[in-house]
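Below is the file final39.tsv, which contains TSV, C-alpha atoms.
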chain	number	residue	atom	x	y	z
A	285	MET	CA	-24.85	-3.49	-26.10
A	286	ALA	CA	-22.04	-5.99	-26.44
A	287	LEU	CA	-18.28	-5.98	-26.28
A	288	ASP	CA	-16.34	-4.83	-29.30
A	289	LYS	CA	-13.61	-7.46	-29.37
A	290	THR	CA	-11.58	-5.55	-31.93
A	291	LYS	CA	-10.97	-2.89	-29.25
A	292	THR	CA	-8.73	-3.14	-26.20
A	293	TYR	CA	-10.38	-2.80	-22.79
A	294	HIS	CA	-8.01	-1.54	-20.12
A	295	LEU	CA	-8.74	-2.61	-16.56
A	296	MET	CA	-6.70	-0.83	-13.92
A	297	GLU	CA	-5.71	-2.09	-10.50
A	298	VAL	CA	-4.52	0.42	-7.92
A	299	CYS	CA	-2.90	-1.71	-5.25
A	300	GLY	CA	0.68	-2.96	-5.04
A	301	THR	CA	-0.49	-6.33	-3.77
A	302	HIS	CA	-2.75	-6.71	-6.81
A	303	THR	CA	0.20	-5.75	-9.07
A	304	MET	CA	2.22	-8.56	-7.54
A	305	ALA	CA	-0.61	-11.08	-7.54
A	306	ILE	CA	-1.44	-10.43	-11.21
A	307	ALA	CA	2.20	-10.63	-12.34
A	308	LYS	CA	2.84	-13.77	-10.32
A	309	SER	CA	-0.27	-15.62	-11.50
A	310	GLY	CA	0.41	-15.05	-15.19
A	311	ILE	CA	-3.24	-14.02	-15.71
A	312	ARG	CA	-2.18	-11.53	-18.40
A	313	ASN	CA	-0.91	-14.34	-20.65
A	314	VAL	CA	-4.19	-16.21	-20.48
A	315	LEU	CA	-6.69	-13.37	-20.88
A	316	PRO	CA	-8.02	-12.71	-24.39
A	317	ALA	CA	-6.12	-10.04	-26.31
A	318	PHE	CA	-8.91	-7.48	-25.97
A	319	ILE	CA	-8.48	-7.32	-22.16
A	320	ARG	CA	-5.39	-5.58	-20.81
A	321	LEU	CA	-4.62	-5.29	-17.11
A	322	VAL	CA	-2.70	-2.15	-16.19
A	323	SER	CA	-1.26	-0.94	-12.90
A	324	GLY	CA	-2.20	2.47	-11.52
A	325	PRO	CA	-0.80	4.53	-8.64
A	326	GLY	CA	-1.30	1.85	-5.99
A	327	CYS	CA	2.23	1.15	-4.83
A	328	PRO	CA	2.77	3.57	-1.92
A	329	VAL	CA	6.53	3.70	-2.29
A	330	CYS	CA	6.25	4.34	-6.04
A	331	VAL	CA	3.99	7.37	-5.67
A	332	THR	CA	6.26	8.97	-3.05
A	333	PRO	CA	8.05	11.74	-4.99
A	334	PRO	CA	11.83	12.31	-5.06
A	335	GLU	CA	11.65	15.58	-3.09
A	336	VAL	CA	10.13	13.71	-0.15
A	337	ILE	CA	12.79	10.99	-0.35
A	338	ASP	CA	15.44	13.75	-0.46
A	339	ALA	CA	13.98	15.22	2.74
A	340	ALA	CA	14.15	11.81	4.43
A	341	LEU	CA	17.75	11.41	3.28
A	342	ARG	CA	18.64	14.84	4.71
A	343	LEU	CA	17.18	13.77	8.06
A	344	THR	CA	19.84	11.06	8.31
A	345	GLU	CA	22.47	13.82	8.43
A	346	ARG	CA	21.19	15.04	11.78
A	347	PRO	CA	22.93	13.75	14.87
A	348	ASN	CA	21.04	11.15	16.88
A	349	VAL	CA	18.30	10.61	14.29
A	350	ILE	CA	17.26	7.03	13.65
A	351	ILE	CA	15.11	6.50	10.55
A	352	ALA	CA	12.64	3.65	10.99
A	353	THR	CA	11.01	2.49	7.79
A	354	TYR	CA	9.30	-0.33	5.98
A	355	GLY	CA	11.91	-2.30	4.05
A	356	ASP	CA	10.93	-1.32	0.53
A	357	MET	CA	11.73	2.36	1.18
A	358	ILE	CA	15.43	1.87	1.81
A	359	ARG	CA	16.52	1.51	-1.80
A	360	VAL	CA	14.27	4.20	-3.30
A	361	PRO	CA	16.50	6.89	-4.77
A	362	GLY	CA	15.83	10.56	-4.21
A	363	SER	CA	16.75	13.00	-6.95
A	364	VAL	CA	20.31	11.66	-7.14
A	365	LYS	CA	20.77	8.17	-8.51
A	366	GLY	CA	22.34	5.79	-6.05
A	367	ASP	CA	21.57	8.01	-3.05
A	368	ASN	CA	19.15	6.12	-0.87
A	369	LEU	CA	18.68	5.09	2.75
A	370	ALA	CA	20.60	1.85	2.21
A	371	ARG	CA	23.64	3.80	1.02
A	372	ARG	CA	23.30	6.34	3.83
A	373	SER	CA	23.15	3.44	6.26
A	374	ALA	CA	26.34	1.95	4.81
A	375	MET	CA	27.96	5.36	5.34
A	376	GLY	CA	27.02	5.32	9.02
A	377	ALA	CA	23.51	6.78	9.19
A	378	LYS	CA	21.13	5.00	11.53
A	379	VAL	CA	18.40	3.32	9.49
A	380	ARG	CA	16.26	0.52	10.87
A	381	ILE	CA	13.78	-1.61	8.97
A	382	VAL	CA	10.53	-2.17	10.81
A	383	TYR	CA	7.44	-4.22	10.05
A	384	SER	CA	5.05	-1.92	11.88
A	385	ALA	CA	4.84	1.64	13.23
A	386	MET	CA	4.66	0.05	16.70
A	387	ASP	CA	8.12	-1.46	16.16
A	388	ALA	CA	9.44	2.04	15.45
A	389	LEU	CA	7.89	3.25	18.71
A	390	GLU	CA	9.60	0.38	20.56
A	391	ILE	CA	12.97	1.53	19.18
A	392	ALA	CA	12.26	5.03	20.54
A	393	LYS	CA	11.50	3.55	23.98
A	394	ALA	CA	14.65	1.45	23.95
A	395	GLU	CA	16.89	4.34	22.81
A	396	PRO	CA	15.80	7.45	24.71
A	397	GLY	CA	18.95	9.37	23.65
A	398	SER	CA	17.93	9.15	19.99
A	399	GLU	CA	15.20	10.74	17.87
A	400	VAL	CA	13.29	8.03	16.01
A	401	VAL	CA	11.53	9.16	12.83
A	402	PHE	CA	9.08	6.70	11.31
A	403	LEU	CA	8.55	7.10	7.56
A	404	GLY	CA	4.78	6.73	7.42
A	405	VAL	CA	4.23	5.62	3.86
A	406	GLY	CA	0.99	4.01	2.68
A	407	PHE	CA	-2.67	4.46	1.83
A	408	GLU	CA	-5.78	4.31	4.01
A	409	THR	CA	-4.88	0.74	5.01
A	410	SER	CA	-1.72	1.95	6.75
A	411	ALA	CA	-3.14	5.21	8.13
A	412	PRO	CA	-4.94	3.86	11.24
A	413	GLY	CA	-1.84	1.97	12.37
A	414	THR	CA	0.33	5.03	11.87
A	415	ALA	CA	-2.21	7.06	13.87
A	416	THR	CA	-2.12	4.43	16.62
A	417	SER	CA	1.63	4.87	17.02
A	418	VAL	CA	1.09	8.60	17.70
A	419	GLU	CA	-1.71	7.81	20.15
A	420	GLU	CA	0.55	5.40	22.01
A	421	ALA	CA	3.50	7.82	21.95
A	422	LYS	CA	1.30	10.44	23.58
A	423	ARG	CA	-0.21	8.03	26.10
A	424	GLN	CA	3.18	6.66	27.12
A	425	CYS	CA	4.82	10.13	27.02
A	426	ILE	CA	7.42	9.10	24.46
A	427	GLY	CA	8.90	12.38	23.25
A	428	ASN	CA	11.66	11.05	21.02
A	429	TYR	CA	9.31	9.51	18.46
A	430	SER	CA	7.86	11.26	15.44
A	431	VAL	CA	6.09	10.38	12.20
A	432	PHE	CA	7.11	11.75	8.81
A	433	SER	CA	3.73	11.29	7.17
A	434	MET	CA	3.70	10.28	3.53
A	435	LEU	CA	0.20	8.83	3.83
A	436	LYS	CA	-1.95	9.10	0.76
A	437	MET	CA	-5.65	8.88	-0.11
A	438	LEU	CA	-7.18	6.75	-2.84
A	439	GLU	CA	-10.03	8.94	-4.10
A	440	PRO	CA	-8.14	12.14	-5.06
A	441	SER	CA	-5.53	10.15	-7.00
A	442	ILE	CA	-8.19	8.29	-8.99
A	443	ARG	CA	-10.06	11.53	-9.72
A	444	ALA	CA	-6.81	13.19	-10.85
A	445	LEU	CA	-6.00	10.24	-13.10
A	446	ALA	CA	-9.49	10.17	-14.60
A	447	SER	CA	-9.36	13.90	-15.40
A	448	ASP	CA	-6.27	13.41	-17.60
A	449	PRO	CA	-7.36	13.80	-21.26
A	450	GLU	CA	-5.24	10.78	-22.17
A	451	PHE	CA	-6.87	8.59	-19.50
A	452	ASN	CA	-7.83	5.33	-21.16
A	453	VAL	CA	-9.25	2.90	-18.61
A	454	GLN	CA	-12.62	1.16	-18.89
A	455	GLY	CA	-12.86	-0.43	-15.45
A	456	PHE	CA	-11.21	-0.56	-12.03
A	457	ILE	CA	-10.12	-3.48	-9.88
A	458	CYS	CA	-10.39	-1.72	-6.51
A	459	PRO	CA	-7.91	-2.25	-3.68
A	460	GLY	CA	-9.33	-4.82	-1.25
A	461	HIS	CA	-7.55	-3.65	1.87
A	462	VAL	CA	-8.18	0.07	1.37
A	463	ALA	CA	-11.83	-0.99	1.03
A	464	VAL	CA	-11.58	-2.87	4.35
A	465	ILE	CA	-11.04	0.52	6.01
A	466	LEU	CA	-13.27	2.76	3.82
A	467	GLY	CA	-16.00	0.21	3.13
A	468	GLU	CA	-18.08	-0.05	-0.02
A	469	GLN	CA	-19.49	3.38	0.91
A	470	GLY	CA	-16.01	4.94	0.69
A	471	LEU	CA	-15.48	3.64	-2.83
A	472	LYS	CA	-18.85	4.72	-4.26
A	473	PHE	CA	-17.09	7.64	-5.96
A	474	PHE	CA	-15.98	5.23	-8.69
A	475	GLU	CA	-19.59	5.26	-9.91
A	476	GLU	CA	-19.41	9.05	-10.33
A	477	LEU	CA	-16.58	8.53	-12.81
A	478	GLY	CA	-18.95	6.52	-14.98
A	479	LEU	CA	-16.75	3.45	-14.85
A	480	PRO	CA	-17.44	-0.05	-13.51
A	481	ALA	CA	-15.45	-0.94	-10.42
A	482	VAL	CA	-15.08	-4.16	-8.43
A	483	ILE	CA	-13.55	-4.48	-4.96
A	484	ALA	CA	-11.40	-7.58	-5.24
A	485	GLY	CA	-9.43	-9.97	-3.06
A	486	PHE	CA	-5.90	-11.10	-3.81
A	487	ASP	CA	-6.09	-14.70	-4.96
A	488	THR	CA	-6.02	-15.55	-8.65
A	489	ASP	CA	-9.67	-16.61	-8.61
A	490	ASP	CA	-10.61	-13.31	-6.89
A	491	ILE	CA	-8.92	-11.33	-9.65
A	492	VAL	CA	-10.33	-13.47	-12.46
A	493	ASN	CA	-13.81	-13.09	-10.95
A	494	ALA	CA	-13.33	-9.32	-10.74
A	495	VAL	CA	-12.32	-9.24	-14.43
A	496	ARG	CA	-15.46	-11.20	-15.31
A	497	MET	CA	-17.69	-8.86	-13.26
A	498	LEU	CA	-16.11	-5.81	-14.90
A	499	MET	CA	-16.48	-7.19	-18.45
A	500	VAL	CA	-20.15	-8.02	-17.83
A	501	GLN	CA	-20.74	-4.46	-16.64
A	502	ILE	CA	-18.86	-3.01	-19.61
A	503	ALA	CA	-20.90	-5.13	-22.03
A	504	LYS	CA	-24.12	-3.94	-20.40
A	505	GLY	CA	-22.97	-0.31	-20.33
A	506	GLU	CA	-23.16	-0.20	-16.52
A	507	ALA	CA	-20.99	1.69	-14.06
A	508	ARG	CA	-21.57	0.19	-10.65
A	509	LEU	CA	-19.37	-0.55	-7.68
A	510	GLU	CA	-19.49	-4.27	-6.87
A	511	ASN	CA	-17.85	-6.10	-4.00
A	512	GLN	CA	-16.17	-9.40	-4.78
A	513	TYR	CA	-14.23	-9.49	-1.46
A	514	THR	CA	-17.22	-9.81	0.87
A	515	ASP	CA	-15.40	-12.09	3.36
A	516	VAL	CA	-13.50	-9.08	4.63
A	517	VAL	CA	-14.95	-5.87	3.14
A	518	ARG	CA	-18.13	-4.62	4.78
A	519	PRO	CA	-20.45	-1.97	3.35
A	520	GLU	CA	-19.55	0.38	6.21
A	521	GLY	CA	-15.84	-0.54	6.31
A	522	ASN	CA	-14.05	-0.27	9.64
A	523	PRO	CA	-15.46	2.78	11.48
A	524	MET	CA	-13.11	2.33	14.47
A	525	ALA	CA	-10.12	2.65	12.13
A	526	ARG	CA	-11.59	5.76	10.52
A	527	GLU	CA	-12.21	7.34	13.95
A	528	LEU	CA	-8.52	6.96	14.72
A	529	MET	CA	-7.60	8.54	11.38
A	530	ASP	CA	-9.99	11.47	11.99
A	531	LYS	CA	-8.59	12.04	15.46
A	532	PHE	CA	-4.91	12.15	14.53
A	533	LEU	CA	-4.71	12.91	10.82
A	534	VAL	CA	-5.85	15.76	8.62
A	535	PRO	CA	-6.19	15.79	4.81
A	536	ARG	CA	-3.78	18.11	3.02
A	537	LYS	CA	-2.34	18.91	-0.39
A	538	ASP	CA	0.26	16.32	-1.30
A	539	ILE	CA	2.80	15.60	-4.01
A	540	TRP	CA	2.61	12.38	-6.03
A	541	ARG	CA	5.22	10.97	-8.35
A	542	GLY	CA	3.75	11.12	-11.84
A	543	LEU	CA	0.60	12.98	-10.78
A	544	GLY	CA	2.17	16.08	-9.24
A	545	GLU	CA	0.43	18.14	-6.56
A	546	ILE	CA	-3.15	17.15	-5.73
A	547	GLU	CA	-5.34	19.08	-3.30
A	548	GLN	CA	-6.49	17.17	-0.19
A	549	SER	CA	-4.80	13.97	-1.33
A	550	GLY	CA	-2.56	13.08	1.59
A	551	TYR	CA	-2.68	13.00	5.36
A	552	GLY	CA	-0.60	15.11	7.70
A	553	LEU	CA	-0.69	14.97	11.49
A	554	ARG	CA	-3.23	17.24	13.18
A	555	PRO	CA	-1.64	20.38	14.69
A	556	GLU	CA	-2.49	19.13	18.22
A	557	TYR	CA	0.06	16.37	17.69
A	558	ALA	CA	2.86	18.59	16.34
A	559	ALA	CA	5.18	17.18	19.02
A	560	TRP	CA	5.11	13.85	17.15
A	561	ASP	CA	5.13	15.36	13.66
A	562	ALA	CA	8.59	15.04	12.12
A	563	GLU	CA	7.86	17.84	9.63
A	564	GLN	CA	7.27	20.27	12.53
A	565	LYS	CA	9.97	18.89	14.79
A	566	PHE	CA	12.73	19.03	12.16
A	567	ASP	CA	11.33	21.91	10.09
A	568	ILE	CA	11.21	19.81	6.93
A	569	HIS	CA	10.79	21.58	3.61
A	570	PHE	CA	10.65	20.12	0.16
A	571	GLY	CA	12.90	21.52	-2.56
A	572	LYS	CA	12.21	21.35	-6.26
A	573	PRO	CA	14.31	18.43	-7.38
A	574	VAL	CA	16.29	18.41	-10.58
A	575	ILE	CA	15.94	14.91	-11.94
A	576	LYS	CA	18.44	13.71	-14.48
A	577	THR	CA	17.07	10.35	-15.49
A	578	ALA	CA	15.10	8.86	-18.34
A	579	CYS	CA	13.09	6.85	-15.77
A	580	ARG	CA	9.43	6.78	-16.80
A	581	CYS	CA	8.07	5.71	-13.42
A	582	GLY	CA	5.73	8.70	-13.45
A	583	ASP	CA	4.01	7.37	-16.58
A	584	VAL	CA	4.09	3.79	-15.31
A	585	VAL	CA	2.16	4.68	-12.13
A	586	LYS	CA	-0.49	6.34	-14.30
A	587	GLY	CA	-0.89	3.20	-16.37
A	588	LYS	CA	0.15	5.14	-19.48
A	589	LEU	CA	3.30	3.15	-20.06
A	590	ASP	CA	3.84	-0.55	-19.80
A	591	PRO	CA	7.00	-1.21	-17.71
A	592	MET	CA	8.64	-3.03	-20.61
A	593	GLN	CA	8.08	-0.01	-22.88
A	594	CYS	CA	10.44	2.05	-20.72
A	595	PRO	CA	13.82	2.35	-22.45
A	596	LEU	CA	15.61	1.63	-19.17
A	597	PHE	CA	13.65	-1.51	-18.24
A	598	GLY	CA	15.88	-4.52	-17.71
A	599	THR	CA	18.97	-2.76	-19.08
A	600	VAL	CA	20.24	0.04	-16.85
A	601	CYS	CA	17.26	-0.35	-14.51
A	602	VAL	CA	17.07	-3.68	-12.72
A	603	PRO	CA	15.97	-4.55	-9.16
A	604	GLU	CA	19.62	-4.72	-7.99
A	605	ASP	CA	20.37	-1.24	-9.34
A	606	PRO	CA	17.06	0.56	-9.83
A	607	GLU	CA	16.62	3.95	-11.45
A	608	GLY	CA	13.19	4.58	-10.01
A	609	PRO	CA	10.87	3.33	-7.29
A	610	CYS	CA	8.71	1.21	-9.61
A	611	MET	CA	11.72	-1.10	-9.90
A	612	VAL	CA	12.64	-0.87	-6.21
A	613	SER	CA	9.51	-1.86	-4.40
A	614	ALA	CA	8.54	-5.51	-4.74
A	615	GLU	CA	5.04	-4.10	-5.33
A	616	GLY	CA	6.17	-1.77	-8.10
A	617	ALA	CA	4.85	-2.49	-11.58
A	618	CYS	CA	8.40	-2.63	-13.02
A	619	ALA	CA	9.76	-4.96	-10.33
A	620	ALA	CA	6.76	-7.27	-10.71
A	621	ALA	CA	7.10	-7.25	-14.52
A	622	TYR	CA	10.83	-7.94	-14.23
A	623	LYS	CA	10.50	-10.77	-11.75
A	624	TYR	CA	7.68	-12.60	-13.49
A	625	ARG	CA	8.25	-11.60	-17.12
A	626	ALA	CA	7.69	-14.24	-19.77
A	627	PHE	CA	10.68	-14.97	-21.95
B	228	MET	CA	2.86	-4.73	2.39
B	229	CYS	CA	-0.20	-6.76	3.23
B	230	LEU	CA	-0.11	-10.19	4.70
B	231	ALA	CA	-3.23	-11.41	2.98
B	232	VAL	CA	-3.62	-14.56	5.03
B	233	PRO	CA	-6.16	-14.74	7.83
B	234	LEU	CA	-4.45	-15.28	11.17
B	235	ARG	CA	-6.06	-16.63	14.32
B	236	ILE	CA	-5.94	-14.73	17.62
B	237	LYS	CA	-4.17	-17.02	20.07
B	238	GLU	CA	-3.60	-14.66	23.01
B	239	LEU	CA	-5.16	-11.35	23.89
B	240	ASP	CA	-4.06	-8.68	26.36
B	241	GLY	CA	-6.09	-5.51	25.94
B	242	THR	CA	-5.36	-4.30	22.42
B	243	ASP	CA	-2.24	-6.47	22.05
B	244	ALA	CA	-2.66	-9.89	20.51
B	245	VAL	CA	-0.59	-12.82	19.44
B	246	VAL	CA	-1.86	-14.22	16.16
B	247	GLU	CA	-0.83	-17.49	14.61
B	248	ARG	CA	-1.13	-19.74	11.64
B	249	ASP	CA	0.04	-23.33	11.91
B	250	GLY	CA	2.55	-22.66	14.65
B	251	VAL	CA	3.95	-19.40	13.29
B	252	SER	CA	2.97	-16.52	15.52
B	253	ARG	CA	3.53	-12.80	15.81
B	254	ARG	CA	2.40	-9.86	17.91
B	255	VAL	CA	-0.12	-7.48	16.40
B	256	LYS	CA	-2.32	-4.64	17.62
B	257	VAL	CA	-6.07	-5.19	17.52
B	258	ASN	CA	-7.01	-1.69	18.75
B	259	PHE	CA	-9.45	-0.95	15.92
B	260	ILE	CA	-11.14	-4.35	15.82
B	261	ARG	CA	-14.57	-4.46	17.42
B	262	GLU	CA	-14.68	-6.91	20.35
B	263	PRO	CA	-11.73	-9.10	19.42
B	264	LYS	CA	-11.77	-12.57	21.00
B	265	VAL	CA	-9.36	-15.45	21.22
B	266	GLY	CA	-10.19	-17.73	18.28
B	267	ASP	CA	-11.23	-14.90	15.92
B	268	TYR	CA	-9.56	-14.74	12.54
B	269	VAL	CA	-8.19	-11.37	11.49
B	270	MET	CA	-6.61	-9.91	8.35
B	271	VAL	CA	-3.27	-8.35	9.25
B	272	HIS	CA	-1.53	-5.36	7.63
B	273	ALA	CA	1.85	-4.01	8.81
B	274	GLY	CA	1.42	-5.20	12.38
B	275	PHE	CA	-2.24	-4.23	12.78
B	276	ALA	CA	-5.33	-6.37	12.46
B	277	ILE	CA	-7.53	-4.42	10.03
B	278	GLU	CA	-10.68	-6.55	10.04
B	279	LYS	CA	-12.19	-9.77	11.30
B	280	VAL	CA	-12.55	-12.46	8.69
B	281	ASP	CA	-15.54	-14.73	8.38
B	282	SER	CA	-14.28	-17.70	10.41
B	283	ARG	CA	-15.85	-20.38	8.23
B	284	GLN	CA	-14.12	-18.98	5.16
B	285	ALA	CA	-10.85	-18.67	7.07
B	286	GLU	CA	-11.13	-22.27	8.23
B	287	GLU	CA	-11.74	-23.37	4.64
B	288	ASP	CA	-8.70	-21.42	3.44
B	289	LEU	CA	-6.51	-22.89	6.15
B	290	GLU	CA	-7.90	-26.36	5.53
B	291	ALA	CA	-6.90	-25.96	1.87
B	292	PHE	CA	-3.38	-25.03	3.00
B	293	ARG	CA	-3.23	-28.05	5.29
B	294	GLU	CA	-4.43	-30.39	2.56
B	295	LEU	CA	-1.83	-28.96	0.24
B	296	GLU	CA	0.93	-29.50	2.79
B	297	GLN	CA	-0.32	-33.01	3.49
B	298	VAL	CA	-0.37	-33.94	-0.18
B	299	LEU	CA	3.00	-32.37	-0.77
B	300	SER	CA	4.51	-34.40	2.05
B	301	THR	CA	3.44	-37.63	0.33
B	302	LEU	CA	4.82	-36.69	-3.08
As structure tokens - that is how I would like this structure written.
Amino acid sequence: MALDKTKTYHLMEVCGTHTMAIAKSGIRNVLPAFIRLVSGPGCPVCVTPPEVIDAALRLTERPNVIIATYGDMIRVPGSVKGDNLARRSAMGAKVRIVYSAMDALEIAKAEPGSEVVFLGVGFETSAPGTATSVEEAKRQCIGNYSVFSMLKMLEPSIRALASDPEFNVQGFICPGHVAVILGEQGLKFFEELGLPAVIAGFDTDDIVNAVRMLMVQIAKGEARLENQYTDVVRPEGNPMARELMDKFLVPRKDIWRGLGEIEQSGYGLRPEYAAWDAEQKFDIHFGKPVIKTACRCGDVVKGKLDPMQCPLFGTVCVPEDPEGPCMVSAEGACAAAYKYRAF
Amino acid sequence: MCLAVPLRIKELDGTDAVVERDGVSRRVKVNFIREPKVGDYVMVHAGFAIEKVDSRQAEEDLEAFRELEQVLSTL
């Protein structure tokens, strides 16, 4: 079996850092026309749905609440364009940008009269750190800290994508740092999908090597998981990190932008740690948002639509005034395409 | 969100570490790294070391950075 070079082979990456690295390197312009690299639901901010952002925005209306968040969340709009944490902050809400969940915990220690809510966005790479902040809050008896968990899992999102009748991907570039935690063993499910998959690092040569490995497998009709990022990714992953996740987090149904509700696809806090669970503490519920925008972010995160095919791209939707999260987060496919687009 | 550069553990106090690369340092947690030691290279994500990095590879990467800086300074 050989490649049919009159066809287009779509290789999907599912990691915001890969999205950035690919856009920045210009690999797309050099690859032969029959290979197309597409971005999947790998940018954690982009897959966070508007109803969850709305709930975070409503939290800012409570007295004494400080929202602590990674920087790329602050400009993500909820269901109303222009309403985001940055705007709420300008109007007087307390919003702090942190680099780590531990920084959010430090704010809680320094300001005992406030309630600090950490927006725990991310995939398995971020989950053990988020869990650690709860462990430390309990150990140090810090009662004014809580986590609003938006943590998501890789496998259910990939399975949901692959079950879409319009799914058109022939190979996966797997997220290197999710694999650090889950190990090769945790990504074996890619083989069940009947598609080749390569765990890849983040340098240009890593990505080019991963493309080569995928194309060789496609040509041979194979569907194996290979590891290109062996410096850091072990077969067994990081079991200590997974122990922390098991102790503090529990899989639950979650809502994804573009993919909708997926069973057992996100992590909530275990009931034993309800005292540090913002959803319990503040009785958070998610409404059904009415979205009035032509933003196609939902199709972009599924790899169905190229960012530049969106009618809003680069016109009414630009990084300075984004319509949707794919243009907000530096790791979003639209922001990466905008920043590094070829003229 | 990932800082995909290996950083070297400079100081260690329980599960708190100071990591550095060429004089730039920051505090990170190393609570889910098995037997961290001063001198180990770790991959850091959002304030947490997520895995040790093969030190020879890390040295090679950093050496490449140093060579680049050295060459750039002469241009």
**Asked** Please, which residues of chain A lie no more than 6 Å from chain B when the count uses only C-alpha atoms, and can they be set out as a PyMOL selection string?
**Response** chain A and resi 383-384+515-516+524-525
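Straight-line separation from CA of Asn522 (chain A) to CA of Glu439 (chain A): 17.0 Å.
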**Fill in**
Atom pair CA of Gly608 (chain A) + CA of Lys308 (chain A), distance 21.1 Å
**Message:** Please report the interatomic distance between CA of Ala619 (chain A) and CA of Val602 (chain A) in Å with one decimal.
**Reply:** 7.8 Å
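Nearest-residue note for Pro603 (chain A): choosing from A:Cys425, A:Lys623, A:Gly587, A:Thr514, the minimum distance belongs to A:Lys623, counting only C-alpha atoms.
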